[in-house]
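Enquirer: One structure, pasted below without further comment.
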Amino acid sequence: MEDKSERSRLAVPATEAARLLLGSVLTHDDGGEPVSVRVTEVEAYMGDVDPGSHAFRGRTARNNTMFGPAGHLYVYFTYGMHYCANVVCGEDGHATGLLLRAGEIVGGVETARERRNNPRTDLDLARGPARLAQALGINRDLDGADVFAAPLRLELPAEPVPADEVSSGPRVGVSGPGGTVEYPWRYWLTGEPTVSKYRPAQPKRRPAAGATAR
DNA sequence: GCTCAGATCATCT
DNA sequence: GATGATCTGAGCG
């Protein structure tokens with residue numbers, strides 16, 4: 001019922017939907033112990049105007065989900081070993097989405113620990129997009145899944161978090177022509193210990209201070 | 001505490 | 001054939 005209005009709340013530009021997602025709780029119930037994550041960090045991808053987006057060059061089989069209606073999950077496999085999860089937002093036909101970068105495990109901690117092979121601290125359970133996906137047990141089968149229907153459940157906060165509790169900055173790991181700092185589309189909850197540490201996107205090799213650029 | 005290099009495969013040119 | 005919205009482990013201070 002509220003399902004429908006919840007979905008429509010996501011049908012706005014990613015830069016706005018980001019504040020809805022921050023503080024929301026995503027649950028994945030695969031039949032075992034459900035695991036819930038409170039989202040603390042997201043990254044906006046604005047489709048065809050965004051050089052860092054998978055959708056920049058147009059619609060393909062892989063990013064097809066992002067072009068669809070809001071409220072679905074776009075899952076992709078990268079670097080040969082990691083899954084990343086996005087929540088599609090914006091209007092149908094606009095390839096905008098929000099990458100779930102980090103979160104705090106608020107339910108099913110033990111299951112999350114097992115999936116992550118028992119990291120040293122719970123803060124590491126979902127710090128980083130691939131870790132978050134792993135902790136939740138997300139895989140490619142969930143690509144295109146509805147976040148408001150089983151086995152997923154997304155609970156948006158009644159009201160967006162106050163603007164003064166949200167920080168924004170350059171995106172991580174995004175390189176490209178012209179840039180990354182021009183698009184400060186990474187959002188996180190100020191002061192959250194689970195937020196991944198800022199790391200500037202480096203081309204490939206660090207420009208050595210000296211001259212011996214090998 | 002920090003920095004660096006490697007792993008590994010689906011997708012696109 | 002090259003690249004990538006990354007993570008992890010090892011090594012060093």
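As shown in the structure tokens, the chain order sets the letters A, B, ...; within each chain, residues go from 1, and ligands are also counted from 1 in the order they appear.
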Show me, as a list in words, every residue of chain A with an atom at most 10 Å from chain C, counting only C-alpha atoms (C1' of nucleotides).
Expert: Glu43, Ala44, Tyr45, Gly52, Ser53, His54, Tyr76, Phe77, Thr78, Tyr79, Gly80, Met81, His82, Tyr83, Cys84, Ala85, Asn86, Leu99, Leu100, Arg101, Gly128, Pro129, Ala130, Arg131, Arg171, Val172, Gly173, Val174 and Ser175 of chain A
Enquirer: Excluding A:Arg116 and any residue of its chain fewer than 4 positions from it, enumerate the residues within 9 Å of it, using only C-alpha atoms (C1' of nucleotides), and give them as a list in words.
Expert: Thr111, Ala112, Asp124, Leu125, Ala126, Arg131, Gln134 and Ala135 of chain A
Enquirer: Would you save the residues of that selection, restricted to C-alpha atoms, as an mmCIF file, in the first residue's frame?
Expert:
```
data_model
loop_
_atom_site.group_PDB
_atom_site.id
_atom_site.type_symbol
_atom_site.label_atom_id
_atom_site.label_comp_id
_atom_site.auth_asym_id
_atom_site.auth_seq_id
_atom_site.Cartn_x
_atom_site.Cartn_y
_atom_site.Cartn_z
ATOM 1 C CA THR A 111 25.276 -13.974 9.654
ATOM 2 C CA ALA A 112 26.978 -10.904 8.271
ATOM 3 C CA ASP A 124 34.441 -3.408 8.681
ATOM 4 C CA LEU A 125 31.350 -5.493 7.984
ATOM 5 C CA ALA A 126 29.835 -3.090 5.501
ATOM 6 C CA ARG A 131 31.707 -5.464 1.483
ATOM 7 C CA GLN A 134 28.692 -9.334 0.571
ATOM 8 C CA ALA A 135 27.447 -8.800 4.099
#
```
Enquirer: Per DSSP on the backbone, what are the helix (DSSP H, G or I) residues of stretch 33-209 of chain A, as an NGL selection string?
Expert: :A and (47-49 or 63-67 or 109-115 or 122-124 or 129-136 or 140-142 or 163-165)
Enquirer: With N, CA, C and O atoms retained, export the selected residues as a short mmCIF file (atom, residue, chain, number, x, y, z; two decimals), in the first residue's frame.
Expert:
```cif
data_model
loop_
_atom_site.label_atom_id
_atom_site.label_comp_id
_atom_site.auth_asym_id
_atom_site.auth_seq_id
_atom_site.Cartn_x
_atom_site.Cartn_y
_atom_site.Cartn_z
N GLY A 47 23.60 8.96 -14.81
CA GLY A 47 23.36 8.52 -16.17
C GLY A 47 24.20 9.18 -17.24
O GLY A 47 25.42 9.28 -17.12
N ASP A 48 23.55 9.64 -18.28
CA ASP A 48 24.27 10.05 -19.48
C ASP A 48 25.03 11.36 -19.35
O ASP A 48 25.79 11.72 -20.24
N VAL A 49 24.84 12.10 -18.28
CA VAL A 49 25.59 13.33 -18.13
C VAL A 49 26.79 13.11 -17.21
O VAL A 49 27.50 14.04 -16.87
N ASN A 63 23.70 -2.54 -17.88
CA ASN A 63 23.12 -1.47 -17.07
C ASN A 63 21.64 -1.27 -17.32
O ASN A 63 21.06 -0.28 -16.89
N ASN A 64 21.05 -2.20 -18.01
CA ASN A 64 19.64 -2.12 -18.35
C ASN A 64 18.76 -1.77 -17.15
O ASN A 64 17.84 -0.96 -17.27
N THR A 65 19.06 -2.36 -16.04
CA THR A 65 18.23 -2.15 -14.85
C THR A 65 18.18 -0.67 -14.45
O THR A 65 17.15 -0.16 -14.03
N MET A 66 19.30 0.00 -14.61
CA MET A 66 19.34 1.40 -14.17
C MET A 66 18.43 2.30 -14.99
O MET A 66 18.07 3.40 -14.57
N PHE A 67 18.11 1.85 -16.18
CA PHE A 67 17.22 2.65 -17.02
C PHE A 67 15.76 2.44 -16.66
O PHE A 67 14.90 3.13 -17.16
N VAL A 109 23.68 -9.65 12.62
CA VAL A 109 25.12 -9.39 12.67
C VAL A 109 25.96 -10.66 12.53
O VAL A 109 26.98 -10.67 11.84
N GLU A 110 25.48 -11.72 13.16
CA GLU A 110 26.28 -12.93 13.13
C GLU A 110 26.38 -13.51 11.73
O GLU A 110 27.43 -13.98 11.29
N THR A 111 25.25 -13.49 11.03
CA THR A 111 25.28 -13.97 9.65
C THR A 111 26.19 -13.11 8.80
O THR A 111 26.96 -13.62 7.98
N ALA A 112 26.12 -11.82 9.03
CA ALA A 112 26.98 -10.90 8.27
C ALA A 112 28.45 -11.20 8.55
O ALA A 112 29.27 -11.20 7.65
N ARG A 113 28.75 -11.48 9.79
CA ARG A 113 30.13 -11.79 10.15
C ARG A 113 30.62 -13.03 9.42
O ARG A 113 31.74 -13.07 8.92
N GLU A 114 29.75 -14.02 9.37
CA GLU A 114 30.16 -15.25 8.70
C GLU A 114 30.41 -15.00 7.22
O GLU A 114 31.38 -15.48 6.65
N ARG A 115 29.49 -14.27 6.60
CA ARG A 115 29.65 -14.00 5.17
C ARG A 115 30.93 -13.22 4.91
O ARG A 115 31.56 -13.38 3.88
N ASP A 122 33.36 -4.90 13.80
CA ASP A 122 32.07 -4.85 13.12
C ASP A 122 31.99 -3.65 12.17
O ASP A 122 31.18 -3.62 11.28
N LEU A 123 32.84 -2.69 12.40
CA LEU A 123 32.82 -1.53 11.52
C LEU A 123 33.21 -1.92 10.11
O LEU A 123 32.82 -1.27 9.14
N ASP A 124 33.99 -2.98 10.00
CA ASP A 124 34.44 -3.41 8.68
C ASP A 124 33.41 -4.25 7.94
O ASP A 124 33.62 -4.60 6.79
N PRO A 129 31.53 -0.61 -0.79
CA PRO A 129 30.41 -1.13 -1.56
C PRO A 129 30.41 -2.64 -1.73
O PRO A 129 29.37 -3.29 -1.61
N ALA A 130 31.57 -3.20 -1.99
CA ALA A 130 31.61 -4.65 -2.20
C ALA A 130 31.39 -5.39 -0.89
O ALA A 130 30.74 -6.43 -0.85
N ARG A 131 31.90 -4.83 0.18
CA ARG A 131 31.71 -5.46 1.48
C ARG A 131 30.25 -5.43 1.89
O ARG A 131 29.72 -6.40 2.42
N LEU A 132 29.63 -4.29 1.65
CA LEU A 132 28.24 -4.15 2.01
C LEU A 132 27.39 -5.19 1.28
O LEU A 132 26.55 -5.86 1.87
N ALA A 133 27.67 -5.33 0.00
CA ALA A 133 26.92 -6.31 -0.79
C ALA A 133 27.16 -7.72 -0.27
O ALA A 133 26.23 -8.52 -0.17
N GLN A 134 28.38 -7.99 0.08
CA GLN A 134 28.69 -9.33 0.57
C GLN A 134 28.02 -9.61 1.91
O GLN A 134 27.49 -10.69 2.14
N ALA A 135 28.06 -8.62 2.79
CA ALA A 135 27.45 -8.80 4.10
C ALA A 135 25.95 -9.06 3.98
O ALA A 135 25.38 -9.84 4.72
N LEU A 136 25.33 -8.42 3.01
CA LEU A 136 23.90 -8.60 2.81
C LEU A 136 23.59 -9.88 2.05
O LEU A 136 22.45 -10.30 1.97
N ARG A 140 24.22 -11.56 -8.17
CA ARG A 140 23.62 -11.12 -9.44
C ARG A 140 22.18 -11.57 -9.61
O ARG A 140 21.45 -11.03 -10.42
N ASP A 141 21.78 -12.55 -8.86
CA ASP A 141 20.39 -12.99 -8.94
C ASP A 141 19.45 -11.88 -8.54
O ASP A 141 18.28 -11.88 -8.90
N LEU A 142 19.97 -10.94 -7.75
CA LEU A 142 19.12 -9.86 -7.26
C LEU A 142 19.13 -8.65 -8.19
O LEU A 142 18.48 -7.64 -7.90
N ALA A 163 19.70 18.34 6.68
CA ALA A 163 20.80 18.63 5.77
C ALA A 163 22.12 18.81 6.51
O ALA A 163 23.19 18.51 5.99
N ASP A 164 22.03 19.28 7.74
CA ASP A 164 23.28 19.54 8.46
C ASP A 164 23.92 18.28 9.01
O ASP A 164 24.97 18.33 9.64
N GLU A 165 23.25 17.14 8.80
CA GLU A 165 23.87 15.89 9.23
C GLU A 165 24.42 15.12 8.04
O GLU A 165 24.86 13.99 8.16
#
```
Enquirer: With the cut-off set at 9 Å and counting only C-alpha atoms (C1' of nucleotides), tabulate each residue of chain B with an atom at most that distance from an atom of chain A, showing the nearest atom pair and its distance in Å to one decimal, ordered by chain and increasing number, as a Markdown table.
Expert:
```
| residue | atom | partner | partner_atom | distance |
| --- | --- | --- | --- | --- |
| B:DA7 | C1' | A:Gly80 | CA | 8.1 |
| B:DT8 | C1' | A:Gly80 | CA | 4.3 |
| B:DC9 | C1' | A:Gly80 | CA | 4.2 |
| B:DA10 | C1' | A:Phe77 | CA | 7.0 |
| B:DT11 | C1' | A:Arg62 | CA | 7.4 |
```
Enquirer: Write the residues of the preceding selection, restricted to N, CA and C atoms (P, O5', C5', C4', C3', O3' and C1' of nucleotides), as a tab-separated table (two decimals), in the first residue's frame.
Expert:
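Output below, filename part-v5.tsv:
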```
chain	number	residue	atom	x	y	z
B	7	DA	P	48.70	-11.79	-9.05
B	7	DA	O5'	47.21	-12.18	-8.64
B	7	DA	C5'	46.90	-12.42	-7.26
B	7	DA	C4'	45.39	-12.38	-7.08
B	7	DA	C3'	44.63	-13.01	-8.25
B	7	DA	O3'	43.59	-13.81	-7.74
B	7	DA	C1'	43.91	-10.79	-7.91
B	8	DT	P	43.15	-15.09	-8.52
B	8	DT	O5'	41.93	-14.51	-9.35
B	8	DT	C5'	40.79	-14.04	-8.67
B	8	DT	C4'	39.80	-13.47	-9.69
B	8	DT	C3'	39.71	-14.32	-10.95
B	8	DT	O3'	38.36	-14.41	-11.38
B	8	DT	C1'	40.31	-12.13	-11.52
B	9	DC	P	37.98	-15.73	-12.24
B	9	DC	O5'	36.81	-15.15	-13.17
B	9	DC	C5'	35.68	-14.53	-12.57
B	9	DC	C4'	35.11	-13.50	-13.52
B	9	DC	C3'	35.03	-13.97	-14.97
B	9	DC	O3'	33.88	-13.40	-15.55
B	9	DC	C1'	36.21	-12.00	-14.88
B	10	DA	P	32.68	-14.31	-15.97
B	10	DA	O5'	31.52	-13.24	-16.20
B	10	DA	C5'	31.14	-12.42	-15.10
B	10	DA	C4'	30.78	-11.03	-15.57
B	10	DA	C3'	30.03	-10.99	-16.89
B	10	DA	O3'	29.07	-9.95	-16.82
B	10	DA	C1'	32.08	-9.80	-17.10
B	11	DT	P	28.05	-9.78	-17.99
B	11	DT	O5'	28.66	-8.49	-18.73
B	11	DT	C5'	28.87	-7.31	-17.99
B	11	DT	C4'	29.63	-6.29	-18.80
B	11	DT	C3'	29.07	-6.08	-20.22
B	11	DT	O3'	28.78	-4.71	-20.39
B	11	DT	C1'	31.42	-6.34	-20.26
```
Enquirer: Can you measure atom CA of A:Pro119 to atom CA of A:Asp143 for me? One decimal in Å is fine.
Expert: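 Between atom CA of A:Pro119 and atom CA of A:Asp143 the gap is 26.5 Å.
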Enquirer: Could you jot down the atom CA of A:Leu21 to atom CA of A:Tyr187 separation for me, Å, one decimal place?
Expert: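 Distance reported for this atom pair: 9.9 Å.
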